[in-house]
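Below: model05.txt (compact mmCIF, C-alpha atoms and all ligand atoms)
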```
# COMPACT_ATOMS: atom_id res chain seq x y z
CA MET A 1 -7.77 4.45 -13.07
CA GLN A 2 -7.97 2.32 -16.21
CA GLU A 3 -8.43 -1.44 -16.32
CA ILE A 4 -5.47 -3.13 -18.06
CA GLU A 5 -5.43 -6.74 -19.19
CA GLU A 6 -2.28 -8.77 -18.76
CA PHE A 7 -0.83 -11.86 -20.38
CA THR A 8 1.95 -13.08 -18.10
CA ASP A 9 2.66 -16.71 -17.35
CA GLU A 10 -0.53 -18.52 -16.23
CA ARG A 11 1.54 -20.94 -14.13
CA GLN A 12 2.43 -18.04 -11.80
CA LYS A 13 -1.23 -17.61 -10.82
CA GLY A 14 -1.72 -20.87 -8.95
CA TRP A 15 -1.12 -19.72 -5.34
CA CYS A 16 -2.38 -17.30 -2.73
CA ILE A 17 0.35 -14.62 -2.89
CA HIS A 18 0.42 -14.32 0.93
CA CYS A 19 0.62 -17.92 2.18
CA GLY A 20 1.46 -19.92 -0.96
CA THR A 21 -1.53 -22.28 -0.68
CA PRO A 22 -2.66 -23.54 -4.11
CA ILE A 23 -5.72 -21.50 -5.14
CA SER A 24 -7.45 -24.59 -6.56
CA THR A 25 -7.65 -26.21 -3.10
CA ILE A 26 -9.18 -23.35 -1.07
CA SER A 27 -11.94 -20.76 -1.11
CA THR A 28 -10.73 -17.38 -2.26
CA ASN A 29 -11.70 -13.71 -2.42
CA TRP A 30 -10.81 -10.97 -4.87
CA ASP A 31 -8.96 -8.48 -2.72
CA HIS A 32 -8.62 -4.81 -3.72
CA VAL A 33 -5.04 -3.50 -3.68
CA PRO A 34 -4.94 -1.11 -1.97
CA THR A 35 -7.94 -1.90 0.17
CA LYS A 36 -10.87 0.39 -0.69
CA GLY A 37 -10.88 1.82 2.84
CA LEU A 38 -7.62 3.63 2.03
CA LEU A 39 -9.25 5.48 -0.88
CA ASP A 40 -11.72 8.37 -1.04
CA ARG A 41 -15.31 8.08 -2.27
CA PRO A 42 -16.21 8.17 -5.05
CA LEU A 43 -13.74 5.37 -5.76
CA PRO A 44 -11.69 5.39 -8.97
CA SER A 45 -13.52 3.70 -11.86
CA TYR A 46 -11.12 0.78 -11.47
CA VAL A 47 -9.15 -0.48 -8.44
CA PRO A 48 -6.65 -3.35 -8.92
CA GLN A 49 -7.67 -6.73 -7.49
CA VAL A 50 -5.82 -9.95 -6.78
CA GLU A 51 -7.18 -13.39 -5.87
CA VAL A 52 -6.13 -14.46 -2.36
CA CYS A 53 -7.31 -17.10 0.11
CA LYS A 54 -10.14 -16.12 2.44
CA GLN A 55 -8.08 -16.89 5.52
CA CYS A 56 -5.29 -14.47 4.56
CA ASN A 57 -7.83 -11.86 3.50
CA SER A 58 -9.60 -11.86 6.87
CA GLY A 59 -6.28 -12.22 8.73
CA PHE A 60 -5.31 -8.69 7.67
CA SER A 61 -8.55 -7.05 8.77
CA LEU A 62 -7.45 -5.81 12.23
CA ASP A 63 -4.24 -4.31 10.87
CA GLU A 64 -6.18 -2.71 8.03
CA GLU A 65 -8.72 -1.25 10.44
CA TYR A 66 -5.85 0.25 12.45
CA PHE A 67 -4.19 1.61 9.31
CA ILE A 68 -7.39 3.16 7.95
CA THR A 69 -8.50 4.72 11.24
CA PHE A 70 -4.94 5.98 11.82
CA LEU A 71 -4.99 7.86 8.53
CA SER A 72 -8.45 9.26 9.20
CA CYS A 73 -7.41 10.53 12.66
CA LEU A 74 -4.24 11.97 11.21
CA LEU A 75 -6.17 13.91 8.57
CA SER A 76 -8.77 15.19 11.02
CA GLY A 77 -6.11 15.90 13.68
CA SER A 78 -8.19 14.05 16.27
CA THR A 79 -9.12 10.58 17.50
CA ALA A 80 -12.67 11.73 18.40
CA PRO A 81 -15.27 9.65 16.53
CA GLU A 82 -17.30 12.75 15.56
CA ALA A 83 -14.24 14.34 13.92
CA GLN A 84 -14.03 11.58 11.26
CA VAL A 85 -15.57 11.97 7.80
CA ASN A 86 -16.32 8.30 7.17
CA PRO A 87 -19.28 6.94 9.23
CA LYS A 88 -17.70 3.46 9.34
CA ILE A 89 -14.63 4.91 11.03
CA GLN A 90 -16.81 6.96 13.41
CA ARG A 91 -18.50 3.72 14.50
CA ALA A 92 -15.23 1.78 14.76
CA LEU A 93 -13.77 4.42 17.11
CA ALA A 94 -16.97 4.81 19.15
CA ARG A 95 -17.17 1.08 19.93
CA ASN A 96 -13.47 0.51 20.47
CA PRO A 97 -11.82 2.65 23.22
CA ALA A 98 -8.71 0.45 23.08
CA LEU A 99 -8.21 1.40 19.44
CA VAL A 100 -8.63 5.10 20.34
CA ALA A 101 -5.97 4.72 23.05
CA ARG A 102 -3.55 3.07 20.61
CA LEU A 103 -4.12 5.84 18.09
CA ASP A 104 -3.66 8.57 20.72
CA ALA A 105 -0.28 7.00 21.51
CA ALA A 106 0.73 7.57 17.88
CA LYS A 107 0.91 11.36 18.40
CA GLN A 108 4.49 12.45 19.06
CA ALA A 109 6.40 15.72 19.13
CA PHE A 110 9.40 15.88 16.80
CA THR A 111 11.91 18.29 15.27
CA THR A 112 12.17 18.63 11.46
CA PRO A 113 15.57 18.43 9.72
CA SER A 114 15.44 22.27 9.58
CA GLY A 115 14.90 22.51 13.36
CA GLU A 116 11.15 23.17 13.44
CA GLU A 117 9.08 21.68 16.32
CA LYS A 118 6.03 19.78 15.14
CA VAL A 119 3.55 17.12 16.21
CA ILE A 120 3.69 13.98 14.16
CA TRP A 121 1.58 10.83 14.09
CA GLN A 122 3.89 7.84 14.24
CA PRO A 123 1.81 4.67 13.85
CA GLU A 124 2.56 1.21 15.28
CA SER A 125 5.23 0.07 12.89
CA GLU A 126 4.44 -3.67 12.99
CA ARG A 127 0.86 -3.12 11.89
CA ILE A 128 1.81 -0.61 9.24
CA ASN A 129 4.60 -2.89 7.97
CA ARG A 130 2.27 -5.89 7.65
CA ILE A 131 -0.09 -3.85 5.49
CA ALA A 132 2.84 -2.40 3.52
CA VAL A 133 3.99 -5.98 2.73
CA LYS A 134 0.45 -7.09 1.89
CA ASN A 135 0.04 -4.20 -0.54
CA ALA A 136 3.55 -4.69 -1.96
CA ARG A 137 2.79 -8.35 -2.76
CA GLY A 138 -0.45 -7.27 -4.40
CA HIS A 139 1.18 -4.51 -6.46
CA ALA A 140 4.08 -6.75 -7.56
CA PHE A 141 1.70 -9.51 -8.63
CA PHE A 142 -0.68 -7.13 -10.36
CA GLU A 143 2.00 -5.28 -12.32
CA PHE A 144 4.51 -8.05 -13.07
CA GLY A 145 2.61 -11.31 -12.49
CA GLU A 146 5.28 -12.20 -9.89
CA PRO A 147 4.13 -14.02 -6.72
CA MET A 148 6.56 -12.83 -4.00
CA LEU A 149 5.96 -15.70 -1.60
CA ARG A 150 9.13 -15.26 0.44
CA GLU A 151 9.41 -12.82 3.32
CA PRO A 152 10.83 -9.53 2.02
CA ASN A 153 14.42 -8.59 2.86
CA TYR A 154 13.50 -5.00 3.65
CA VAL A 155 10.36 -3.26 4.96
CA TRP A 156 10.25 0.42 5.76
CA ALA A 157 7.52 3.00 6.43
CA MET A 158 8.04 6.63 7.40
CA PRO A 159 6.14 9.91 7.29
CA LEU A 160 7.47 11.87 4.28
CA VAL A 161 8.02 14.93 6.46
CA LEU A 162 10.79 13.09 8.34
CA LEU A 163 12.89 12.63 5.20
CA THR A 164 15.64 15.07 4.32
CA ASP A 165 15.39 16.74 0.89
CA GLN A 166 17.99 14.33 -0.48
CA GLN A 167 16.21 11.26 0.93
CA ARG A 168 12.96 12.54 -0.54
CA THR A 169 14.52 13.02 -3.97
CA GLU A 170 15.97 9.47 -3.86
CA PHE A 171 12.65 8.04 -2.74
CA GLU A 172 10.74 9.68 -5.58
CA LYS A 173 13.13 8.24 -8.23
CA VAL A 174 11.52 5.00 -9.36
CA ALA A 175 12.08 4.76 -13.10
CA ALA A 176 13.82 1.48 -13.99
CA SER A 177 16.36 1.38 -16.79
CA GLY A 178 15.23 -2.01 -18.15
CA TRP A 179 11.91 -3.01 -19.70
CA PRO A 180 9.39 -5.17 -17.84
CA GLU A 181 8.26 -8.53 -19.19
CA VAL A 182 6.16 -8.37 -22.36
CA GLY A 183 2.48 -8.90 -21.49
CA SER A 184 2.77 -7.54 -17.95
CA ARG A 185 0.59 -4.62 -16.92
CA MET A 186 3.70 -2.55 -16.15
CA MET A 187 4.88 -3.07 -19.74
CA THR A 188 1.49 -1.90 -21.02
CA ARG A 189 1.65 1.14 -18.73
CA ILE A 190 5.12 2.10 -19.93
CA ALA A 191 4.02 1.71 -23.55
CA SER A 192 0.74 3.61 -23.14
CA GLY A 193 1.39 5.88 -20.14
CA ALA A 194 -1.79 4.59 -18.44
CA ASP A 195 -2.07 6.03 -14.90
CA LEU A 196 1.70 6.50 -14.89
CA ASP A 197 3.44 9.64 -13.54
CA LYS A 198 7.27 9.59 -13.53
CA GLY A 199 7.23 5.83 -12.89
CA TRP A 200 4.49 5.97 -10.22
CA VAL A 201 1.12 4.28 -10.76
CA VAL A 202 -1.51 6.74 -9.54
CA VAL A 203 -4.54 4.95 -8.07
CA GLN A 204 -6.13 8.18 -6.81
CA ASP A 205 -4.56 11.67 -6.94
CA ASP A 206 -3.06 12.77 -3.60
CA VAL A 207 -4.49 9.64 -1.94
CA TYR A 208 -2.55 6.58 -3.12
CA ARG A 209 0.27 5.92 -5.59
CA TYR A 210 2.73 3.08 -5.92
CA ALA A 211 5.76 2.03 -7.92
CA VAL A 212 7.13 -1.42 -8.68
CA VAL A 213 10.74 -1.64 -9.86
CA GLN A 214 12.28 -4.91 -10.97
CA GLU A 215 16.04 -4.65 -11.42
CA GLY A 216 17.76 -7.66 -9.89
CA THR A 217 15.76 -6.97 -6.74
CA LEU A 218 12.05 -6.35 -6.74
CA MET A 219 11.11 -3.15 -4.94
CA VAL A 220 7.67 -1.71 -4.22
CA ARG A 221 7.14 1.82 -2.90
CA SER A 222 3.94 3.61 -2.00
CA VAL A 223 2.87 7.09 -0.92
CA ILE A 224 -0.37 7.27 1.02
CA ARG A 225 -2.20 10.58 1.49
CA ASN A 226 1.03 12.39 0.60
CA TYR A 227 1.94 11.54 4.19
CA LEU A 228 3.23 8.03 4.61
CA ALA A 229 6.00 6.57 2.46
CA THR A 230 6.61 2.80 2.37
CA GLU A 231 9.21 0.58 0.75
CA VAL A 232 9.34 -3.22 0.57
CA SER A 233 11.99 -5.17 -1.34
CA TRP A 234 13.05 -8.70 -2.14
CA ASP A 235 16.61 -9.70 -3.20
ZN ZN A 301 -3.41 -17.22 1.82
```

Is it possible to give me this structure as structure tokens?
Ligand SMILES: [Zn+2]
Amino acid sequence: MQEIEEFTDERQKGWCIHCGTPISTISTNWDHVPTKGLLDRPLPSYVPQVEVCKQCNSGFSLDEEYFITFLSCLLSGSTAPEAQVNPKIQRALARNPALVARLDAAKQAFTTPSGEEKVIWQPESERINRIAVKNARGHAFFEFGEPMLREPNYVWAMPLVLLTDQQRTEFEKVAASGWPEVGSRMMTRIASGADLDKGWVVVQDDVYRYAVVQEGTLMVRSVIRNYLATEVSWD
């Protein structure tokens, strides 16, 4: 992924995008969006970052741990520590039987729209939604310089395999008809094509992509591991 400079309104950069506290009054961290734990090593040469307050940053850590271990278990097909590729995740599962139990509960049988029986991993939606909103705020701010301090009007996360063909086609359509603000990273992407594939910003192939569409509403979508689809929007 390429690094892109941006030149949007400096006055928009004064607050933590999660809690609205003025940045000048608190200690802050640069937070990767998405968090590096969602990506494969070696990491892309550049991963977007936003400045947030330390309290918000650490407040997401349990939900992020759940999200990251969930995806690892899903990919390995098992919650056994030794089945995981990442040693950090192996250790997290080995020392935390409660987390293993929660993840085991995510496995559910289901029937596809075409009538096929399958096992699916359906994560705890509140935890997944909190991380979806965290990432959406980060992506919106990074691409458009817009701090979305309000609670979103809509939050949704669903395994792609549960969508019908028509829902999938609608979900993949993210190209906006208007042009983003001059100076924003999204404007630079549209002009140069940087990391852009049919409107999606590709952080890492087959691992993480997102789209930010500003057309009256502001909508952020992501696809994680070609498995989980998320959508967050603000009126
Ligand atoms: Zn904060």

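Once all atoms listed in the file are used for the distance check, the residues close to ligand ZN 301 (chain A) at 6 Å turn out to be Cys16, His18, Cys19, Thr21, Val52, Cys53, Gln55 and Cys56 of chain A.
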
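Residues in contact with range 199-204 of chain A at up to 6 Å, not including ones fewer than 6 positions away on its chain and judged by only C-alpha atoms, are Met1, Val174, Ala175, Tyr210 and Ala211 of chain A.
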
> At most 12 Å from (16.0, -8.7, 6.3), file frame, all atoms listed in the file: which residues, as a list of chain:residue names?
Replying inline: A:Arg150, A:Glu151, A:Pro152, A:Asn153, A:Tyr154, A:Val155, A:Trp156, A:Val232, A:Ser233, A:Trp234, A:Asp235

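Using all atoms listed in the file for every distance, the candidate list A:Val50, A:Leu62, A:Val207, A:Val213 yields A:Val207 as the residue closest to Leu38 in chain A.
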
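Using only C-alpha atoms, the nearest neighbour of Gly138 in chain A within the list A:Val223, A:Ala229, A:Ala109, A:Val212 is A:Val212.
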
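Using all atoms listed in the file, the smallest distance between any of A:Ser78, A:Gln2, A:Ser222, A:Thr25 and Ala136 in chain A comes from A:Ser222.
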
> Quick one: of A:Glu51, A:Glu143, A:Asp40, A:Asp104, who's nearest to Thr188 in chain A, counting all atoms listed in the file?
Replying inline: A:Glu143

Centre and size of axis-aligned box enclosing range 138-147 of chain A plus 4 Å each side, as lines of an AutoDock Vina configuration file:
```
center_x = 2.3
center_y = -9.3
center_z = -8.7
size_x = 14.0
size_y = 17.5
size_z = 16.7
```
